[in-house]
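Student: My structure is stored as query08.txt, with compact mmCIF, C-alpha atoms.
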```txt
# COMPACT_ATOMS: atom_id res chain seq x y z
CA MET B 1 -114.06 -54.45 113.47
CA HIS B 2 -114.65 -51.43 111.28
CA ASN B 3 -113.83 -49.13 114.24
CA LEU B 4 -110.62 -51.04 114.87
CA LEU B 5 -109.47 -50.47 111.29
CA MET B 6 -110.32 -46.78 111.50
CA MET B 7 -108.39 -46.48 114.79
CA LEU B 8 -105.35 -48.15 113.27
CA GLN B 9 -105.37 -45.64 110.45
CA GLU B 10 -105.47 -42.50 112.64
CA PRO B 11 -101.65 -42.09 112.77
CA ALA B 12 -101.18 -42.55 109.04
CA ALA B 13 -102.41 -39.11 108.21
CA ALA B 14 -100.36 -38.71 105.08
CA VAL B 15 -101.87 -41.65 103.19
CA THR B 16 -105.58 -41.76 102.67
CA ALA B 17 -107.60 -44.58 104.20
CA LEU B 18 -108.71 -45.59 100.73
CA ASN B 19 -105.15 -46.30 99.63
CA ASN B 20 -104.47 -48.42 102.73
CA ASN B 21 -107.62 -50.45 102.25
CA ALA B 22 -106.70 -50.96 98.59
CA LEU B 23 -103.30 -52.35 99.59
CA LEU B 24 -104.94 -54.63 102.15
CA GLY B 25 -107.42 -55.89 99.57
CA GLY B 26 -104.66 -56.41 97.02
CA GLY B 27 -102.56 -58.39 99.46
CA ILE B 28 -105.42 -60.62 100.58
CA GLY B 29 -106.47 -61.17 96.96
CA MET B 30 -102.96 -62.22 95.97
CA GLY B 31 -102.77 -64.67 98.87
CA LEU B 32 -106.08 -66.31 98.02
CA ALA B 33 -105.15 -66.62 94.34
CA ILE B 34 -101.88 -68.33 95.24
CA ILE B 35 -103.71 -70.75 97.56
CA GLY B 36 -106.01 -71.70 94.69
CA ALA B 37 -103.09 -72.28 92.33
CA GLY B 38 -101.21 -74.31 94.93
CA ILE B 39 -104.14 -76.63 95.55
CA GLY B 40 -104.88 -77.05 91.85
CA ILE B 41 -101.36 -77.75 90.67
CA GLY B 42 -100.69 -79.96 93.69
CA ARG B 43 -103.68 -82.11 92.77
CA ILE B 44 -102.55 -82.32 89.15
CA GLY B 45 -99.08 -83.41 90.20
CA GLY B 46 -100.39 -85.99 92.63
CA GLN B 47 -102.84 -87.56 90.21
CA ALA B 48 -100.31 -87.52 87.36
CA VAL B 49 -97.78 -89.37 89.49
CA GLU B 50 -100.44 -91.88 90.52
CA ALA B 51 -101.40 -92.43 86.88
CA ILE B 52 -97.76 -92.98 85.89
CA ALA B 53 -97.43 -95.51 88.72
CA ARG B 54 -100.45 -97.41 87.43
CA GLN B 55 -99.32 -97.42 83.78
CA PRO B 56 -95.64 -96.58 83.26
CA GLU B 57 -95.77 -96.94 79.47
CA ALA B 58 -98.14 -93.95 79.18
CA SER B 59 -95.78 -91.70 81.15
CA ALA B 60 -94.88 -89.46 78.16
CA ASP B 61 -98.54 -88.67 77.43
CA ILE B 62 -99.29 -88.10 81.09
CA ARG B 63 -96.31 -85.80 81.51
CA GLY B 64 -97.38 -83.73 78.52
CA ALA B 65 -100.95 -83.39 79.79
CA MET B 66 -99.71 -82.50 83.26
CA ILE B 67 -97.46 -79.68 82.05
CA LEU B 68 -100.19 -78.30 79.78
CA THR B 69 -102.82 -78.26 82.54
CA ALA B 70 -100.40 -76.72 85.04
CA ALA B 71 -99.61 -73.91 82.59
CA LEU B 72 -103.34 -73.21 82.09
CA ILE B 73 -103.90 -72.94 85.84
CA GLU B 74 -100.84 -70.68 86.13
CA GLY B 75 -102.45 -68.45 83.51
CA VAL B 76 -105.56 -67.94 85.62
CA THR B 77 -103.50 -67.32 88.76
CA LEU B 78 -101.27 -64.75 87.12
CA ALA B 79 -104.32 -62.97 85.73
CA ALA B 80 -105.57 -62.65 89.31
CA LEU B 81 -102.15 -61.40 90.42
CA VAL B 82 -102.11 -58.75 87.68
CA PHE B 83 -105.51 -57.49 88.76
CA ALA B 84 -104.38 -57.42 92.41
CA LEU B 85 -101.32 -55.41 91.33
CA LEU B 86 -103.73 -52.92 89.81
CA PHE B 87 -104.97 -52.14 93.32
CA LYS B 88 -101.50 -50.97 94.27
CA LEU B 89 -100.96 -48.90 91.15
CA ILE B 90 -104.29 -47.07 91.07
CA LYS B 91 -103.91 -43.95 93.19
CA MET T 1 -73.12 -46.16 102.85
CA ILE T 2 -75.81 -48.16 101.08
CA GLN T 3 -78.11 -46.22 98.82
CA ALA T 4 -81.60 -47.62 99.19
CA PRO T 5 -83.01 -47.27 95.69
CA ASP T 6 -86.67 -46.82 94.97
CA ILE T 7 -87.22 -50.47 94.10
CA GLY T 8 -90.68 -49.96 92.68
CA LYS T 9 -89.39 -47.33 90.28
CA VAL T 10 -86.50 -49.53 89.12
CA ILE T 11 -88.82 -52.47 88.52
CA LEU T 12 -91.23 -50.38 86.49
CA GLU T 13 -88.35 -48.84 84.51
CA HIS T 14 -87.02 -52.23 83.52
CA THR T 15 -90.29 -53.91 82.61
CA ALA T 16 -92.28 -51.08 81.08
CA ASP T 17 -91.81 -49.59 77.64
CA SER T 18 -89.57 -46.57 77.10
CA LYS T 19 -88.07 -44.47 74.33
CA ILE T 20 -84.47 -45.35 75.22
CA VAL T 21 -82.78 -48.48 73.87
CA GLU T 22 -79.76 -49.52 75.92
CA LEU T 23 -76.99 -50.93 73.76
CA PRO T 24 -74.96 -53.87 75.11
CA PHE T 25 -71.24 -53.90 75.90
CA GLY T 26 -71.36 -50.36 77.28
CA LEU T 27 -72.00 -48.68 73.96
CA GLY T 28 -74.41 -46.28 75.58
CA GLU T 29 -78.00 -45.47 74.81
CA TRP T 30 -80.02 -44.79 71.71
CA HIS T 31 -82.80 -42.25 72.12
CA LEU T 32 -85.63 -43.10 69.78
CA PRO T 33 -87.23 -40.33 67.69
CA GLY T 34 -89.91 -38.22 69.28
CA PRO T 35 -93.69 -38.46 69.17
CA TRP T 36 -95.13 -38.90 65.70
CA TYR T 37 -98.84 -38.20 65.94
CA ILE T 38 -101.35 -39.49 63.42
CA PRO T 39 -102.54 -36.16 61.99
CA GLY T 40 -105.64 -34.95 63.77
CA THR T 41 -105.41 -37.29 66.77
CA HIS T 42 -103.28 -37.77 69.88
CA ILE T 43 -102.20 -41.31 68.91
CA ASP T 44 -98.40 -41.63 69.04
CA VAL T 45 -97.02 -44.13 66.51
CA SER T 46 -93.29 -43.53 67.01
CA PRO T 47 -91.11 -46.56 67.74
CA THR T 48 -90.33 -47.52 71.33
CA ARG T 49 -87.96 -50.05 72.88
CA HIS T 50 -90.37 -52.93 72.59
CA VAL T 51 -91.02 -52.15 68.92
CA VAL T 52 -87.28 -52.22 68.16
CA LEU T 53 -86.91 -55.51 70.03
CA MET T 54 -89.85 -57.05 68.16
CA GLY T 55 -88.05 -56.11 64.95
CA VAL T 56 -84.90 -57.80 66.25
CA ALA T 57 -86.91 -60.91 67.15
CA ALA T 58 -88.50 -61.00 63.70
CA ILE T 59 -85.08 -60.72 62.00
CA LEU T 60 -83.73 -63.48 64.24
CA VAL T 61 -86.66 -65.78 63.42
CA PHE T 62 -86.11 -65.18 59.73
CA LEU T 63 -82.37 -65.85 59.95
CA THR T 64 -82.86 -68.99 62.03
CA ILE T 65 -85.44 -70.61 59.80
CA TRP T 66 -83.77 -69.52 56.55
CA SER T 67 -80.32 -70.79 57.46
CA ALA T 68 -81.70 -74.00 58.92
CA GLY T 69 -83.84 -74.59 55.85
CA ARG T 70 -80.91 -74.06 53.51
CA SER T 71 -78.65 -76.42 55.47
CA VAL T 72 -81.34 -79.12 55.61
CA ALA T 73 -82.06 -78.78 51.87
CA LYS T 74 -78.36 -78.98 51.05
CA ARG T 75 -77.95 -82.20 52.98
CA HIS T 76 -81.09 -83.62 51.40
CA ARG T 77 -79.58 -82.94 47.96
CA GLU T 78 -76.53 -84.90 49.01
CA GLY T 79 -78.80 -87.72 50.14
CA LYS T 80 -77.83 -87.49 53.82
CA ALA T 81 -79.72 -86.77 57.02
CA PRO T 82 -79.60 -83.20 58.36
CA ARG T 83 -77.01 -82.38 60.98
CA GLY T 84 -76.19 -79.67 63.47
CA PHE T 85 -78.21 -76.49 63.86
CA GLY T 86 -80.43 -77.34 60.89
CA ALA T 87 -81.39 -80.63 62.47
CA ALA T 88 -82.30 -78.98 65.77
CA VAL T 89 -84.51 -76.36 64.12
CA GLU T 90 -86.07 -79.02 61.90
CA ALA T 91 -86.91 -81.06 65.00
CA MET T 92 -88.71 -78.10 66.55
CA VAL T 93 -90.56 -77.21 63.34
CA LEU T 94 -91.71 -80.81 62.90
CA PHE T 95 -92.77 -80.96 66.56
CA VAL T 96 -94.95 -77.87 66.16
CA ARG T 97 -96.39 -79.15 62.89
CA ASP T 98 -97.16 -82.71 63.96
CA ASP T 99 -97.85 -82.54 67.68
CA VAL T 100 -99.41 -79.09 67.94
CA ALA T 101 -101.04 -78.01 64.68
CA MET T 102 -102.06 -81.17 62.85
CA VAL T 103 -103.21 -82.99 65.98
CA SER T 104 -105.46 -80.13 67.08
CA ILE T 105 -106.82 -79.03 63.71
CA GLY T 106 -106.95 -82.45 62.09
CA HIS T 107 -108.26 -82.57 58.58
CA GLY T 108 -107.26 -79.58 56.47
CA GLY T 109 -104.69 -78.39 58.96
CA GLU T 110 -101.90 -77.69 56.48
CA LYS T 111 -103.36 -74.22 55.77
CA PHE T 112 -102.81 -73.17 59.37
CA VAL T 113 -99.39 -74.69 59.98
CA PRO T 114 -97.43 -71.57 58.86
CA LEU T 115 -99.46 -69.39 61.24
CA ILE T 116 -98.93 -71.70 64.20
CA GLU T 117 -95.22 -72.02 63.45
CA THR T 118 -94.84 -68.25 63.15
CA LEU T 119 -96.68 -67.64 66.41
CA PHE T 120 -94.55 -70.22 68.21
CA PHE T 121 -91.16 -69.00 66.98
CA PHE T 122 -91.91 -65.29 67.23
CA ILE T 123 -93.25 -65.56 70.78
CA LEU T 124 -90.32 -67.82 71.72
CA TYR T 125 -87.73 -65.34 70.47
CA CYS T 126 -89.54 -62.38 72.08
CA ASN T 127 -89.61 -64.22 75.41
CA LEU T 128 -85.97 -65.25 75.18
CA LEU T 129 -84.80 -61.73 74.30
CA GLY T 130 -85.99 -60.62 77.72
CA LEU T 131 -83.44 -62.87 79.40
CA LEU T 132 -80.44 -61.04 77.92
CA PRO T 133 -79.03 -58.16 79.95
CA TRP T 134 -79.76 -54.65 78.63
CA SER T 135 -82.79 -55.76 76.69
CA ALA T 136 -86.48 -56.00 77.51
CA THR T 137 -89.27 -58.47 76.86
CA PRO T 138 -91.56 -57.36 74.07
CA THR T 139 -94.18 -59.87 75.15
CA GLY T 140 -94.13 -58.31 78.60
CA ASN T 141 -96.10 -55.45 77.10
CA ILE T 142 -99.83 -56.07 77.12
CA ALA T 143 -100.26 -54.25 73.82
CA VAL T 144 -97.98 -56.75 72.06
CA THR T 145 -99.74 -59.79 73.45
CA ALA T 146 -103.11 -58.20 72.75
CA GLY T 147 -102.02 -57.76 69.12
CA LEU T 148 -101.02 -61.42 68.88
CA ALA T 149 -104.30 -62.52 70.46
CA LEU T 150 -106.20 -60.28 68.05
CA VAL T 151 -104.50 -62.04 65.13
CA ALA T 152 -105.48 -65.39 66.63
CA PHE T 153 -109.08 -64.18 67.19
CA VAL T 154 -109.46 -62.99 63.60
CA VAL T 155 -108.06 -66.24 62.21
CA ILE T 156 -110.31 -68.37 64.44
CA GLU T 157 -113.52 -66.53 63.60
CA VAL T 158 -112.89 -65.98 59.88
CA SER T 159 -111.74 -69.57 59.33
CA GLY T 160 -114.79 -70.75 61.25
CA MET T 161 -117.08 -68.66 59.06
CA LEU T 162 -115.42 -69.97 55.90
CA ALA T 163 -115.49 -73.59 57.00
CA LEU T 164 -119.02 -73.73 58.42
CA GLY T 165 -120.78 -71.23 56.18
CA PRO T 166 -122.84 -68.35 57.63
CA LYS T 167 -125.66 -70.56 58.88
CA GLY T 168 -123.33 -73.05 60.53
CA TYR T 169 -121.35 -70.22 62.13
CA LEU T 170 -124.52 -68.73 63.55
CA LYS T 171 -125.30 -72.12 65.04
CA THR T 172 -122.12 -71.92 67.09
CA ILE T 173 -123.42 -68.72 68.70
CA VAL T 174 -127.12 -69.41 69.09
CA MET T 175 -126.28 -72.80 70.41
CA VAL T 176 -128.93 -75.42 71.05
CA PRO T 177 -127.79 -78.61 72.76
CA PRO T 178 -128.45 -81.56 70.48
CA GLY T 179 -131.70 -83.38 70.98
CA MET T 180 -133.90 -80.58 72.28
CA HIS T 181 -136.92 -79.30 70.41
CA GLY T 182 -139.66 -76.72 70.79
CA PHE T 183 -139.88 -74.62 73.91
CA GLY T 184 -136.87 -76.22 75.56
CA ALA T 185 -134.71 -75.37 72.57
CA VAL T 186 -135.78 -71.71 72.59
CA ALA T 187 -135.16 -71.39 76.33
CA MET T 188 -131.73 -72.97 76.04
CA ALA T 189 -130.87 -70.72 73.10
CA PHE T 190 -131.74 -67.64 75.19
CA LEU T 191 -129.49 -68.86 77.97
CA MET T 192 -126.59 -70.07 75.88
CA THR T 193 -126.23 -67.24 73.37
CA PRO T 194 -124.76 -64.61 75.73
CA ILE T 195 -122.53 -67.28 77.26
CA GLU T 196 -121.25 -68.32 73.84
CA ILE T 197 -120.58 -64.71 72.81
CA ILE T 198 -118.75 -64.01 76.05
CA GLY T 199 -116.82 -67.24 75.57
CA LYS T 200 -115.67 -66.16 72.11
CA ILE T 201 -114.33 -62.89 73.51
CA VAL T 202 -112.85 -64.30 76.72
CA LYS T 203 -110.65 -66.86 74.94
CA PRO T 204 -108.32 -64.36 73.19
CA PHE T 205 -108.43 -62.18 76.32
CA ALA T 206 -107.18 -65.12 78.37
CA LEU T 207 -104.42 -65.75 75.82
CA THR T 208 -103.33 -62.12 76.14
CA LEU T 209 -103.35 -62.04 79.90
CA ARG T 210 -101.67 -65.41 80.34
CA LEU T 211 -98.67 -64.54 78.16
CA PHE T 212 -98.31 -61.00 79.52
CA ALA T 213 -98.61 -61.99 83.17
CA ASN T 214 -96.19 -64.94 82.90
CA MET T 215 -93.49 -62.84 81.26
CA THR T 216 -93.90 -59.82 83.53
CA ALA T 217 -94.20 -61.79 86.77
CA GLY T 218 -90.88 -63.53 86.19
CA HIS T 219 -89.07 -60.24 85.67
CA PHE T 220 -90.77 -58.65 88.67
CA VAL T 221 -89.56 -61.44 90.93
CA ILE T 222 -85.97 -61.26 89.65
CA LEU T 223 -85.82 -57.47 89.94
CA ALA T 224 -87.38 -57.52 93.41
CA LEU T 225 -84.80 -60.05 94.58
CA MET T 226 -82.01 -57.85 93.21
CA GLY T 227 -83.52 -54.96 95.12
CA LEU T 228 -83.25 -57.11 98.24
CA ILE T 229 -79.47 -57.09 97.85
CA PHE T 230 -79.42 -53.29 97.94
CA LEU T 231 -81.82 -53.22 100.86
CA PHE T 232 -79.66 -55.41 103.11
CA GLY T 233 -76.23 -54.47 101.82
CA SER T 234 -74.38 -57.51 103.22
CA TRP T 235 -72.16 -59.92 101.28
CA LEU T 236 -73.71 -63.03 102.83
CA ILE T 237 -77.23 -62.14 101.80
CA ALA T 238 -75.99 -61.07 98.38
CA GLY T 239 -74.39 -64.49 97.80
CA GLY T 240 -77.52 -66.42 98.70
CA THR T 241 -79.77 -64.08 96.75
CA VAL T 242 -77.63 -64.36 93.62
CA LEU T 243 -77.97 -68.16 93.71
CA PHE T 244 -81.71 -67.83 94.10
CA ILE T 245 -81.85 -65.35 91.21
CA LEU T 246 -79.92 -67.86 89.08
CA PHE T 247 -82.53 -70.48 89.84
CA MET T 248 -85.34 -68.05 89.00
CA MET T 249 -83.73 -67.27 85.64
CA CYS T 250 -83.58 -70.97 84.78
CA LEU T 251 -87.27 -71.15 85.63
CA GLU T 252 -87.82 -68.13 83.36
CA LEU T 253 -86.13 -70.05 80.53
CA LEU T 254 -88.56 -72.92 81.02
CA VAL T 255 -91.51 -70.54 81.21
CA ALA T 256 -90.42 -68.82 77.97
CA PHE T 257 -90.59 -72.09 76.02
CA LEU T 258 -93.74 -73.24 77.78
CA GLN T 259 -95.69 -70.04 77.18
CA ALA T 260 -94.80 -69.98 73.48
CA TYR T 261 -95.94 -73.59 73.21
CA ILE T 262 -99.18 -72.92 75.13
CA PHE T 263 -100.09 -69.91 72.98
CA ALA T 264 -99.55 -71.85 69.76
CA LEU T 265 -101.34 -74.92 71.13
CA LEU T 266 -104.40 -73.01 72.32
CA THR T 267 -104.69 -71.12 69.03
CA ALA T 268 -104.52 -74.44 67.15
CA VAL T 269 -107.11 -76.01 69.48
CA PHE T 270 -109.54 -73.11 69.02
CA ILE T 271 -109.11 -73.20 65.23
CA GLY T 272 -109.73 -76.94 65.31
CA LEU T 273 -112.86 -76.50 67.44
CA MET T 274 -114.33 -74.07 64.92
CA GLN T 275 -113.47 -76.27 61.95
CA HIS T 276 -115.17 -79.35 63.34
CA GLU T 277 -118.25 -77.83 64.91
CA HIS T 278 -120.50 -80.02 62.79
```
Now that the file is in, can you turn its structure into structure tokens?
Tutor:
Amino acid sequence: MHNLLMMLQEPAAAVTALNNNALLGGGIGMGLAIIGAGIGIGRIGGQAVEAIARQPEASADIRGAMILTAALIEGVTLAALVFALLFKLIK
Amino acid sequence: MIQAPDIGKVILEHTADSKIVELPFGLGEWHLPGPWYIPGTHIDVSPTRHVVLMGVAAILVFLTIWSAGRSVAKRHREGKAPRGFGAAVEAMVLFVRDDVAMVSIGHGGEKFVPLIETLFFFILYCNLLGLLPWSATPTGNIAVTAGLALVAFVVIEVSGMLALGPKGYLKTIVMVPPGMHGFGAVAMAFLMTPIEIIGKIVKPFALTLRLFANMTAGHFVILALMGLIFLFGSWLIAGGTVLFILFMMCLELLVAFLQAYIFALLTAVFIGLMQHEH
């Protein structure tokens, strides 16, 4: 596997192997972070809708809690994205 | 012939800080004065674009609240309910006071209401300024959000020290779960103290990073989509992309309000946690 990566990088003589691996790591990191956010916010949405279906008069409270929790999870995800961006920007 | 611009450079130019302020309506550019170094160091304290826009946001906050307050007071003197712009601003101020500050801080929360209101309105105006053409987002600069989080950190810790006294404040760091004595208590204190200290530092850091990343990510996406138009150079793709960009800007509007609310809410919650530790 390691040899395969090295062989793929032979033609790209201008860019160093380190830079390519950094881009690869950054891309994979971003993808994993987005998967985590998607699962988390999807679960929040699903359980919030279920809760509203069980008790429609509490829907305002549930909506508020849902938006707050979704924003907190977004915060963590975007922190991961900023750090992954760092991999591209560091030479 | 389509020019393919360096999209990365354009994105960084539009989101990062610079010494040039672009004036709207084609009035040109304003080059800000050169580096002013603190004597004896290499620290540059001259104004940049984000500093000027923070000043604009501060003036706008002042004008909004002042004019709304005067119109509400005038209608109160006449014995009528407020109306128009004053009523809208009053609704937002009361929302932040009742549903954000007082609920989270509880008893003795009136002291902190001005801080929470200021944080909310200042961050809201800074976020919204980024949506106008020719201007930038001050809160898309990590130094600005770090400054706001530092203010929140100082208020949380100092108010905690004043409310709990030095011994009570130390108990929040060297934390022993209730109901443990003797050797178990000492072991738990050894484990929990570094975690508590790290927790105190991570909370403002998370506030910083959340606000910065939300503001910058929105602008990155919009600018990257605009770059897509130049990359393809066809009218059909341009039409579809412009509609998508419009949708993204509406989402940005929502995110601007939401992030201001979240910052104010989390600061109020942390202050409340320190006040009621006992």
Student: Rounded to one decimal in Å, what is the spacing between atom CA of T:Val186 and atom CA of T:Phe153?
Tutor: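 For atom CA of T:Val186 relative to atom CA of T:Phe153, the distance reads 28.3 Å.
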Student: Got a sec to pull out which chain T residues are within 10 Å of chain B, counting all atoms listed in the file, and send them as a PyMOL selection string?
Tutor: chain T and resi 206-217+255+258-259+261-262+265-266
Student: Could you pull the residues within 6 Å of T:Asp44, counting all atoms listed in the file, minus those fewer than 6 positions along the same chain, as a list in words?
Tutor: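 Everything that qualifies: Pro35, Trp36 and Tyr37 of chain T.
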Student: Within 8 Å of (-104.0, -56.8, 94.0) (file coordinates; all atoms listed in the file), which protein or nucleic acid residues are there? I'd like them as a list in words.
Tutor: Ala22, Leu23, Gly25, Gly26, Gly27, Ile28, Gly29, Met30, Ala80, Leu81, Val82, Phe83, Ala84, Leu85, Leu86, Phe87 and Lys88 of chain B
Student: Using atom CA of T:Gly272 and atom CA of T:Ser104 as the two end points, give the distance in Å to one decimal.
Tutor: 5.6 Å
Student: First collect every listed atom of stretch 34-51 of chain B; then fit an axis-aligned box around them, widen it by 8 Å on each side, and give centre and edge lengths in Å to one decimal, as lines of an AutoDock Vina configuration file.
Tutor:
```
center_x = -101.9
center_y = -80.4
center_z = 92.2
size_x = 24.2
size_y = 40.1
size_z = 26.7
```
Student: Is it possible to get the residues within 12 Å of (-87.1, -54.7, 66.6) (coordinates as in the file, counting all atoms listed in the file) written as a list in words?
Tutor: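 These residues have at least one counted atom within 12 Å: Val21, Pro47, Thr48, Arg49, His50, Val51, Val52, Leu53, Met54, Gly55, Val56, Ala57, Ala58, Ile59, Leu60, Val61, Phe122, Tyr125, Cys126, Leu129, Ser135, Ala136, Thr137 and Pro138 of chain T.
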Student: Just the residues within 12 Å of stretch 169-173 of chain T, please, counting all atoms listed in the file, with nothing from its chain fewer than 6 positions along; format it as a list of chain:residue names.
Tutor: T:Ile156, T:Glu157, T:Val158, T:Ser159, T:Gly160, T:Met161, T:Leu162, T:Ala163, T:Met188, T:Ala189, T:Phe190, T:Leu191, T:Met192, T:Thr193, T:Pro194, T:Ile195, T:Glu196, T:Ile197, T:Ile198, T:Gly199, T:Lys200, T:Ile201, T:Leu273, T:Met274, T:Gln275, T:His276, T:Glu277, T:His278
Student: Would you pick out the contacts of T:Gly86 at 9 Å or less, using all atoms listed in the file, so that residues sharing its chain but fewer than 2 positions from it are not included, and give the list as a JSON list (two decimals) with C-alpha atoms, in the frame of the given file?
Tutor:
```
[["chain", "number", "residue", "atom", "x", "y", "z"],
["T", 64, "THR", "CA", -82.86, -68.99, 62.03],
["T", 65, "ILE", "CA", -85.44, -70.61, 59.80],
["T", 67, "SER", "CA", -80.32, -70.79, 57.46],
["T", 68, "ALA", "CA", -81.70, -74.00, 58.92],
["T", 69, "GLY", "CA", -83.84, -74.59, 55.85],
["T", 70, "ARG", "CA", -80.91, -74.06, 53.51],
["T", 71, "SER", "CA", -78.65, -76.42, 55.47],
["T", 72, "VAL", "CA", -81.34, -79.12, 55.61],
["T", 82, "PRO", "CA", -79.60, -83.20, 58.36],
["T", 83, "ARG", "CA", -77.01, -82.38, 60.98],
["T", 84, "GLY", "CA", -76.19, -79.67, 63.47],
["T", 88, "ALA", "CA", -82.30, -78.98, 65.77],
["T", 89, "VAL", "CA", -84.51, -76.36, 64.12],
["T", 90, "GLU", "CA", -86.07, -79.02, 61.90],
["T", 91, "ALA", "CA", -86.91, -81.06, 65.00]]
```
Student: Atom CA of T:Val269 and atom CA of T:Gly108, how far apart in Å?
Tutor: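 A separation of 13.5 Å between them.
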